[in-house]
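Peer 1: Structure file my_file-v4.tsv, TSV, C-alpha atoms, is pasted below:
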```
chain	number	residue	atom	x	y	z
A	1	MET	CA	-70.54	-75.83	-213.25
A	2	THR	CA	-73.43	-73.50	-212.47
A	3	ALA	CA	-73.19	-69.76	-211.85
A	4	TYR	CA	-74.20	-70.35	-208.24
A	5	GLN	CA	-71.30	-72.77	-207.78
A	6	ASN	CA	-68.92	-70.22	-209.30
A	7	GLN	CA	-70.11	-67.55	-206.87
A	8	SER	CA	-69.90	-69.86	-203.88
A	9	ARG	CA	-66.23	-70.59	-204.48
A	10	ARG	CA	-63.84	-68.19	-202.76
A	11	ALA	CA	-60.99	-66.65	-204.69
A	12	THR	CA	-57.39	-66.36	-203.54
A	13	PRO	CA	-56.78	-62.76	-202.36
A	14	ASP	CA	-55.01	-60.55	-204.87
A	15	LEU	CA	-52.73	-57.61	-204.00
A	16	ILE	CA	-55.59	-55.21	-203.23
A	17	ASP	CA	-57.35	-57.86	-201.14
A	18	VAL	CA	-54.16	-58.48	-199.16
A	19	PHE	CA	-53.84	-54.76	-198.47
A	20	ILE	CA	-57.45	-54.56	-197.24
A	21	ILE	CA	-57.01	-57.63	-195.03
A	22	ILE	CA	-53.77	-56.35	-193.46
A	23	LEU	CA	-55.31	-52.91	-192.92
A	24	LEU	CA	-58.36	-54.28	-191.10
A	25	ALA	CA	-56.39	-56.91	-189.16
A	26	GLY	CA	-53.90	-54.29	-187.99
A	27	ALA	CA	-56.71	-52.05	-186.78
A	28	ILE	CA	-58.22	-54.96	-184.84
A	29	ASP	CA	-54.85	-55.83	-183.26
A	30	ILE	CA	-54.24	-52.24	-182.18
A	31	PHE	CA	-57.72	-52.07	-180.66
A	32	ILE	CA	-57.24	-55.37	-178.78
A	33	PHE	CA	-53.85	-54.42	-177.35
A	34	THR	CA	-54.98	-50.91	-176.45
A	35	ILE	CA	-57.91	-52.28	-174.43
A	36	ALA	CA	-55.76	-55.04	-172.90
A	37	THR	CA	-53.07	-52.64	-171.69
A	38	GLN	CA	-55.74	-50.57	-169.93
A	39	PHE	CA	-56.58	-53.55	-167.73
A	40	VAL	CA	-52.94	-54.05	-166.70
A	41	ALA	CA	-52.24	-50.34	-166.12
A	42	ARG	CA	-49.76	-50.01	-168.97
A	43	ASN	CA	-49.55	-47.24	-171.56
A	44	THR	CA	-47.64	-49.22	-174.19
A	45	PHE	CA	-50.27	-48.76	-176.89
A	46	GLN	CA	-51.40	-45.30	-175.82
A	47	GLN	CA	-48.73	-43.57	-177.91
A	48	LEU	CA	-48.21	-45.29	-181.24
A	49	PRO	CA	-45.38	-44.34	-183.64
A	50	SER	CA	-46.24	-41.40	-185.86
A	51	PHE	CA	-45.50	-43.35	-189.06
A	52	LEU	CA	-48.22	-45.83	-188.08
A	53	THR	CA	-50.88	-43.33	-186.99
A	54	ASP	CA	-50.20	-41.04	-189.95
A	55	ALA	CA	-50.44	-43.96	-192.38
A	56	TYR	CA	-53.77	-45.13	-190.94
A	57	LYS	CA	-55.19	-41.62	-190.94
A	58	ALA	CA	-54.22	-41.13	-194.57
A	59	VAL	CA	-55.65	-44.48	-195.67
A	60	TRP	CA	-58.93	-44.14	-193.77
A	61	ALA	CA	-59.41	-40.56	-194.95
A	62	SER	CA	-58.81	-41.70	-198.51
A	63	VAL	CA	-61.23	-44.63	-198.12
A	64	VAL	CA	-63.96	-42.41	-196.67
A	65	SER	CA	-63.64	-39.88	-199.47
A	66	GLY	CA	-63.08	-42.57	-202.11
A	67	THR	CA	-61.89	-40.00	-204.60
A	68	ALA	CA	-58.15	-40.50	-204.91
A	69	GLY	CA	-55.16	-42.62	-204.06
A	70	VAL	CA	-55.40	-45.86	-202.13
A	71	GLY	CA	-58.95	-45.12	-201.04
A	72	LEU	CA	-60.17	-44.98	-204.63
A	73	VAL	CA	-58.51	-48.31	-205.42
A	74	ILE	CA	-60.06	-49.97	-202.35
A	75	VAL	CA	-63.52	-48.57	-203.04
A	76	LYS	CA	-63.38	-49.69	-206.68
A	77	SER	CA	-62.24	-53.16	-205.62
A	78	LEU	CA	-65.08	-53.53	-203.12
A	79	ARG	CA	-67.64	-52.25	-205.63
A	80	SER	CA	-66.41	-54.44	-208.46
A	81	THR	CA	-68.68	-57.17	-209.78
A	82	ARG	CA	-66.18	-59.98	-209.44
A	83	ILE	CA	-67.85	-63.38	-209.37
A	84	ARG	CA	-65.35	-64.80	-206.92
A	85	ARG	CA	-64.25	-62.89	-203.83
A	86	PRO	CA	-62.10	-63.94	-200.90
A	87	ASN	CA	-63.79	-64.51	-197.57
A	88	TYR	CA	-62.73	-61.20	-196.00
A	89	LEU	CA	-64.07	-62.05	-192.54
A	90	LEU	CA	-62.13	-65.31	-192.39
A	91	TRP	CA	-58.92	-63.80	-193.74
A	92	VAL	CA	-59.07	-60.73	-191.47
A	93	LEU	CA	-59.72	-62.77	-188.32
A	94	ALA	CA	-57.00	-65.28	-189.20
A	95	THR	CA	-54.48	-62.52	-189.92
A	96	ALA	CA	-55.37	-60.59	-186.76
A	97	GLY	CA	-55.15	-63.74	-184.63
A	98	THR	CA	-51.81	-64.73	-186.12
A	99	SER	CA	-50.45	-61.23	-185.52
A	100	VAL	CA	-51.56	-61.26	-181.88
A	101	VAL	CA	-49.87	-64.61	-181.29
A	102	ALA	CA	-46.69	-63.40	-183.00
A	103	ILE	CA	-46.55	-60.20	-180.93
A	104	VAL	CA	-47.10	-62.12	-177.67
A	105	LEU	CA	-44.38	-64.64	-178.58
A	106	VAL	CA	-41.94	-61.84	-179.40
A	107	ALA	CA	-42.71	-60.16	-176.04
A	108	ILE	CA	-42.17	-63.44	-174.15
A	109	LEU	CA	-38.94	-64.14	-176.04
A	110	ALA	CA	-37.68	-60.63	-175.27
A	111	GLN	CA	-38.30	-61.20	-171.56
A	112	ILE	CA	-36.43	-64.51	-171.67
A	113	LEU	CA	-33.43	-63.21	-173.62
A	114	ASN	CA	-33.25	-59.85	-171.85
A	115	PRO	CA	-34.66	-60.21	-168.32
A	116	ARG	CA	-34.93	-57.13	-166.16
A	117	PRO	CA	-32.41	-57.08	-163.30
A	118	ALA	CA	-33.79	-57.57	-159.80
A	119	LEU	CA	-33.83	-54.39	-157.71
A	120	THR	CA	-32.32	-54.35	-154.23
A	121	VAL	CA	-33.04	-52.24	-151.17
A	122	PRO	CA	-30.58	-49.32	-150.91
A	123	PRO	CA	-27.99	-49.65	-148.13
A	124	GLY	CA	-28.47	-47.86	-144.83
A	125	VAL	CA	-32.20	-47.13	-145.16
A	126	ALA	CA	-34.77	-47.41	-142.34
A	127	LEU	CA	-36.58	-50.64	-143.16
A	128	ILE	CA	-40.28	-50.75	-142.35
A	129	SER	CA	-39.73	-54.13	-140.69
A	130	SER	CA	-37.45	-52.50	-138.09
A	131	GLY	CA	-40.36	-50.45	-136.74
A	132	MET	CA	-42.88	-53.27	-136.46
A	133	SER	CA	-41.77	-54.71	-133.12
A	134	ALA	CA	-40.75	-51.46	-131.41
A	135	PRO	CA	-40.25	-47.78	-132.30
A	136	SER	CA	-37.18	-47.29	-134.47
A	137	THR	CA	-35.01	-44.30	-135.29
A	138	PHE	CA	-34.25	-42.93	-138.73
A	139	GLU	CA	-31.69	-40.51	-140.09
A	140	PHE	CA	-31.79	-39.26	-143.66
A	141	LYS	CA	-28.56	-38.01	-145.19
A	142	PRO	CA	-27.41	-37.81	-148.81
A	143	LEU	CA	-24.94	-40.37	-150.05
A	144	PRO	CA	-21.36	-39.06	-150.24
A	145	GLY	CA	-20.79	-37.33	-153.56
A	146	ALA	CA	-24.44	-37.58	-154.60
A	147	PRO	CA	-25.72	-34.53	-156.51
A	148	GLY	CA	-28.72	-32.60	-155.24
A	149	ALA	CA	-29.77	-30.99	-151.99
A	150	GLU	CA	-27.90	-31.48	-148.74
A	151	PHE	CA	-30.16	-32.61	-145.91
A	152	ASP	CA	-30.15	-34.12	-142.44
A	153	LEU	CA	-33.37	-35.46	-140.89
A	154	VAL	CA	-33.57	-37.35	-137.60
A	155	GLY	CA	-36.62	-38.88	-135.95
A	156	THR	CA	-38.48	-42.01	-134.89
A	157	PHE	CA	-41.23	-44.17	-136.38
A	158	ALA	CA	-43.30	-47.23	-135.56
A	159	VAL	CA	-45.58	-49.57	-137.50
A	160	SER	CA	-48.86	-50.86	-136.10
A	161	SER	CA	-51.95	-52.30	-137.82
A	162	ASN	CA	-50.56	-51.46	-141.26
A	163	GLU	CA	-50.09	-47.80	-140.29
A	164	VAL	CA	-46.83	-45.90	-139.96
A	165	THR	CA	-46.65	-43.21	-137.30
A	166	GLY	CA	-43.57	-41.13	-136.70
A	167	GLU	CA	-42.08	-37.90	-135.50
A	168	LEU	CA	-39.40	-35.71	-136.98
A	169	LYS	CA	-37.14	-34.56	-134.15
A	170	SER	CA	-34.90	-32.26	-136.17
A	171	GLY	CA	-34.26	-31.50	-139.81
A	172	SER	CA	-32.38	-29.16	-142.11
A	173	PHE	CA	-31.58	-28.81	-145.79
A	174	THR	CA	-29.46	-26.69	-148.11
A	175	ILE	CA	-29.76	-26.12	-151.84
A	176	PRO	CA	-26.10	-26.04	-152.92
A	177	ASN	CA	-24.70	-23.35	-155.18
A	178	GLY	CA	-24.56	-24.30	-158.84
A	179	LEU	CA	-27.34	-26.88	-158.59
A	180	LYS	CA	-28.98	-27.35	-161.96
A	181	TYR	CA	-32.76	-26.92	-161.95
A	182	ALA	CA	-32.80	-25.39	-158.47
A	183	PRO	CA	-36.33	-25.14	-157.04
A	184	GLN	CA	-37.97	-21.75	-156.69
A	185	LYS	CA	-40.29	-22.92	-153.91
A	186	ILE	CA	-40.39	-25.80	-151.43
A	187	SER	CA	-43.89	-26.39	-150.15
A	188	GLU	CA	-43.47	-29.23	-147.65
A	189	ALA	CA	-41.46	-32.17	-146.39
A	190	ALA	CA	-43.54	-35.29	-147.03
A	191	PHE	CA	-43.00	-38.71	-145.46
A	192	ARG	CA	-43.92	-41.95	-147.22
A	193	VAL	CA	-42.85	-45.51	-147.81
A	194	CYS	CA	-40.59	-46.52	-150.69
A	195	TYR	CA	-40.99	-50.18	-151.60
A	196	LEU	CA	-40.04	-52.79	-154.17
A	197	HIS	CA	-42.58	-55.20	-155.60
A	198	SER	CA	-43.00	-57.44	-158.61
A	199	VAL	CA	-45.16	-56.22	-161.49
A	200	TYR	CA	-45.74	-58.90	-164.12
A	201	GLY	CA	-42.50	-60.64	-163.22
A	202	ALA	CA	-40.31	-57.52	-163.07
A	203	ASP	CA	-39.19	-55.58	-159.99
A	204	GLN	CA	-40.50	-52.05	-159.69
A	205	MET	CA	-40.06	-49.32	-157.07
A	206	ASP	CA	-43.08	-47.32	-155.97
A	207	LEU	CA	-43.95	-44.65	-153.42
A	208	PHE	CA	-46.93	-44.49	-151.11
A	209	PRO	CA	-48.87	-42.36	-150.53
A	210	PRO	CA	-48.20	-40.78	-153.92
A	211	ILE	CA	-49.67	-37.41	-152.92
A	212	ALA	CA	-48.69	-35.46	-149.82
A	213	LYS	CA	-51.48	-34.76	-147.34
A	214	SER	CA	-51.58	-32.82	-144.11
A	215	GLU	CA	-51.22	-35.99	-142.03
A	216	ASN	CA	-47.98	-37.16	-143.67
A	217	ALA	CA	-46.32	-33.81	-144.46
A	218	ILE	CA	-44.77	-30.89	-142.61
A	219	PRO	CA	-45.57	-27.56	-144.32
A	220	LEU	CA	-42.62	-25.32	-145.22
A	221	ASN	CA	-43.52	-22.77	-147.94
A	222	ILE	CA	-39.92	-21.66	-148.44
A	223	ALA	CA	-38.42	-19.82	-151.40
A	224	PRO	CA	-34.88	-21.16	-150.93
A	225	GLU	CA	-31.71	-19.23	-151.59
A	226	MET	CA	-28.84	-21.29	-152.91
A	227	GLY	CA	-26.18	-22.04	-150.33
A	228	LYS	CA	-28.37	-21.09	-147.36
A	229	ALA	CA	-29.33	-23.65	-144.69
A	230	TYR	CA	-32.99	-24.00	-143.71
A	231	THR	CA	-34.55	-25.74	-140.74
A	232	ILE	CA	-37.43	-28.18	-141.04
A	233	PRO	CA	-39.57	-27.78	-137.91
A	234	PRO	CA	-40.29	-30.86	-135.79
A	235	GLY	CA	-43.59	-32.53	-136.47
A	236	LYS	CA	-45.55	-35.76	-136.46
A	237	PHE	CA	-46.68	-37.79	-139.46
A	238	LYS	CA	-48.67	-40.90	-140.24
A	239	PHE	CA	-49.85	-42.83	-143.29
A	240	GLN	CA	-51.25	-46.21	-144.28
A	241	LEU	CA	-49.12	-48.89	-145.92
A	242	PRO	CA	-50.19	-50.43	-149.24
A	243	SER	CA	-51.68	-53.91	-149.00
A	244	ASP	CA	-49.10	-55.68	-151.20
A	245	ILE	CA	-46.04	-54.45	-149.32
A	246	ASN	CA	-43.19	-56.67	-148.14
A	247	PRO	CA	-41.72	-55.07	-144.98
A	248	GLN	CA	-38.29	-56.49	-145.83
A	249	ARG	CA	-38.33	-54.65	-149.17
A	250	ALA	CA	-39.83	-51.38	-147.93
A	251	TRP	CA	-38.27	-48.44	-146.15
A	252	LEU	CA	-39.22	-45.07	-144.74
A	253	CYS	CA	-38.39	-42.19	-147.06
A	254	SER	CA	-39.15	-38.52	-147.43
A	255	ALA	CA	-39.12	-35.78	-150.02
A	256	LEU	CA	-39.03	-32.02	-150.31
A	257	ASN	CA	-41.95	-31.19	-152.58
A	258	THR	CA	-41.00	-28.37	-154.93
A	259	ASP	CA	-42.54	-26.32	-157.71
A	260	PHE	CA	-41.23	-28.75	-160.36
A	261	GLY	CA	-41.43	-32.11	-158.56
A	262	TYR	CA	-39.68	-33.34	-155.44
A	263	ILE	CA	-36.22	-33.87	-153.96
A	264	PRO	CA	-35.97	-37.41	-152.51
A	265	MET	CA	-34.55	-37.97	-149.03
A	266	GLN	CA	-33.92	-41.36	-147.42
```
Any chance you could give the structure as structure tokens?
Peer 2:
Amino acid sequence: MTAYQNQSRRATPDLIDVFIIILLAGAIDIFIFTIATQFVARNTFQQLPSFLTDAYKAVWASVVSGTAGVGLVIVKSLRSTRIRRPNYLLWVLATAGTSVVAIVLVAILAQILNPRPALTVPPGVALISSGMSAPSTFEFKPLPGAPGAEFDLVGTFAVSSNEVTGELKSGSFTIPNGLKYAPQKISEAAFRVCYLHSVYGADQMDLFPPIAKSENAIPLNIAPEMGKAYTIPPGKFKFQLPSDINPQRAWLCSALNTDFGYIPMQ
């Protein structure tokens, strides 16, 4: 057998080769899934476990320096004058592809064995569908025994050409004594639509519009005292509905926007 034939034959990967292949294949898999989750608006691979990121940082830093530890072993292996070497490109691509398939199968199996429960519309809410044929009334009050602010909002709304228009007739709220994380400031009462929709086979609740604007909010600018009742002045509001909404699974809702978030009202 000639020397050329010896060099053309590929060796079976040894322990160092396996480590190099797994290292490169793992990096490729992480890159693929990170890019893929960006297209589906998920952040699953945006925050990786610290043990994984720390391990990769240590290995890559060691490889770049090539002076100690695992990096020195890898550099020496790659610089060695072995006659027979494994086909790194083939092994890395095969390992990365197998890992991707395995991860996808595990994700599918998890969905089958542990499906997410279907969400339902809360009872007593003002469905968007009720305001499509004629103006409808709404009244927002907290559920009995529910923690949080006490409120009472009454008004009307109508839906036309994918736009909700409404008017708050009267409104009031009270921050009860002893409420944990009581707001220091309430800037406005914003109106929006709460709706359920399917995202990759699982029900999810969303709000729209996500940010309060002058056309769908009533300004307040109140620094509330606990136990004191405040009046929300009457006012009109309007906003567009999202395109993928199902009127039977959507309802009018509101929120008191505060310095730390918002207090939902529906």
Peer 1: Expressed in Å to a single decimal, how great is the separation between CA of Tyr181 in chain A and CA of Ile232 in chain A?
Peer 2: 21.5 Å
Peer 1: Quick one: residues within 6 Å of range 188-194 of chain A, only C-alpha atoms, excluding same-chain residues fewer than 3 positions away - as a PyMOL selection string?
Peer 2: chain A and resi 206-209+212+216-220+250-257
Peer 1: Counting all atoms listed in the file, what are the residues of range 143-216 of chain A within 12 Å of range 98-118 of chain A, and for each of them which pair of atoms is the nearest and at what distance in Å, to one decimal? Sort the table by chain and rising number, as CSV.
Peer 2:
```
residue,atom,partner,partner_atom,distance
A:Leu196,CA,A:Ala118,CA,9.7
A:His197,CA,A:Ala118,CA,10.0
A:Ser198,CA,A:Ala118,CA,9.3
A:Val199,CA,A:Arg116,CA,11.3
A:Tyr200,CA,A:Gln111,CA,10.8
A:Gly201,CA,A:Arg116,CA,8.8
A:Ala202,CA,A:Arg116,CA,6.2
A:Asp203,CA,A:Ala118,CA,5.8
A:Gln204,CA,A:Ala118,CA,8.7
A:Met205,CA,A:Ala118,CA,10.7
```
Peer 1: Pull C-alpha atoms from the residues just selected and write them as a compact mmCIF listing (two decimals), keeping the file's coordinate frame.
Peer 2:
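What follows is the written file again-v3.txt:
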```txt
# COMPACT_ATOMS: atom_id res chain seq x y z
CA LEU A 196 -40.04 -52.79 -154.17
CA HIS A 197 -42.58 -55.20 -155.60
CA SER A 198 -43.00 -57.44 -158.61
CA VAL A 199 -45.16 -56.22 -161.49
CA TYR A 200 -45.74 -58.90 -164.12
CA GLY A 201 -42.50 -60.64 -163.22
CA ALA A 202 -40.31 -57.52 -163.07
CA ASP A 203 -39.19 -55.58 -159.99
CA GLN A 204 -40.50 -52.05 -159.69
CA MET A 205 -40.06 -49.32 -157.07
```
Peer 1: Please, what distance in Å, to one decimal, runs between CA of Phe151 in chain A and CA of Thr165 in chain A?
Peer 2: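 Value for the CA of Phe151 in chain A-CA of Thr165 in chain A distance: 21.4 Å.
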Peer 1: Taking 6 positions as the minimum chain separation for residues in the same chain, which residues sit within 8 Å of Glu215 in chain A when counting all atoms listed in the file? Answer as a ChimeraX atom specification.
Peer 2: /A:236-239
Peer 1: Which value, in Å to one decimal, gives the distance between CA of Ile222 in chain A and CA of Ile186 in chain A?
Peer 2: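 Value for the CA of Ile222 in chain A-CA of Ile186 in chain A distance: 5.1 Å.
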Peer 1: Please provide as JSON, numbers by chain all residues within 7 Å of Thr137 in chain A, with the sequence filter that same-chain residues fewer than 3 positions apart are discarded (counting only C-alpha atoms).
Peer 2: {"A": [155, 156, 157]}
Peer 1: Name all residues at most 12 Å from Gly227 in chain A (count all atoms listed in the file; drop same-chain ones fewer than 3 positions away) and give them as a ChimeraX atom specification.
Peer 2: /A:148-150,173-179,182,224,230
Peer 1: Identify which of the residues A:Phe260, A:Phe39, A:Phe140, A:Tyr195 lies closest to Gly171 in chain A, counting all atoms listed in the file when measuring atom-to-atom distances.
Peer 2: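 The shortest atom-to-atom distance to Gly171 in chain A comes from A:Phe140.
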Peer 1: Could you tell me which of A:Ser243, A:Phe33, A:Leu90, A:Arg84 comes closest to Asp14 in chain A if we count only C-alpha atoms?
Peer 2: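 Residue with the minimum atom-to-atom distance to Asp14 in chain A: A:Arg84.
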Peer 1: Would you kindly return, as a PyMOL selection string, each protein, DNA or RNA residue with an atom no farther than 12 Å from any atom of Ala96 in chain A, considering only C-alpha atoms and excluding same-chain residues fewer than 5 positions away?
Peer 2: chain A and resi 21-33+88-91+101-103
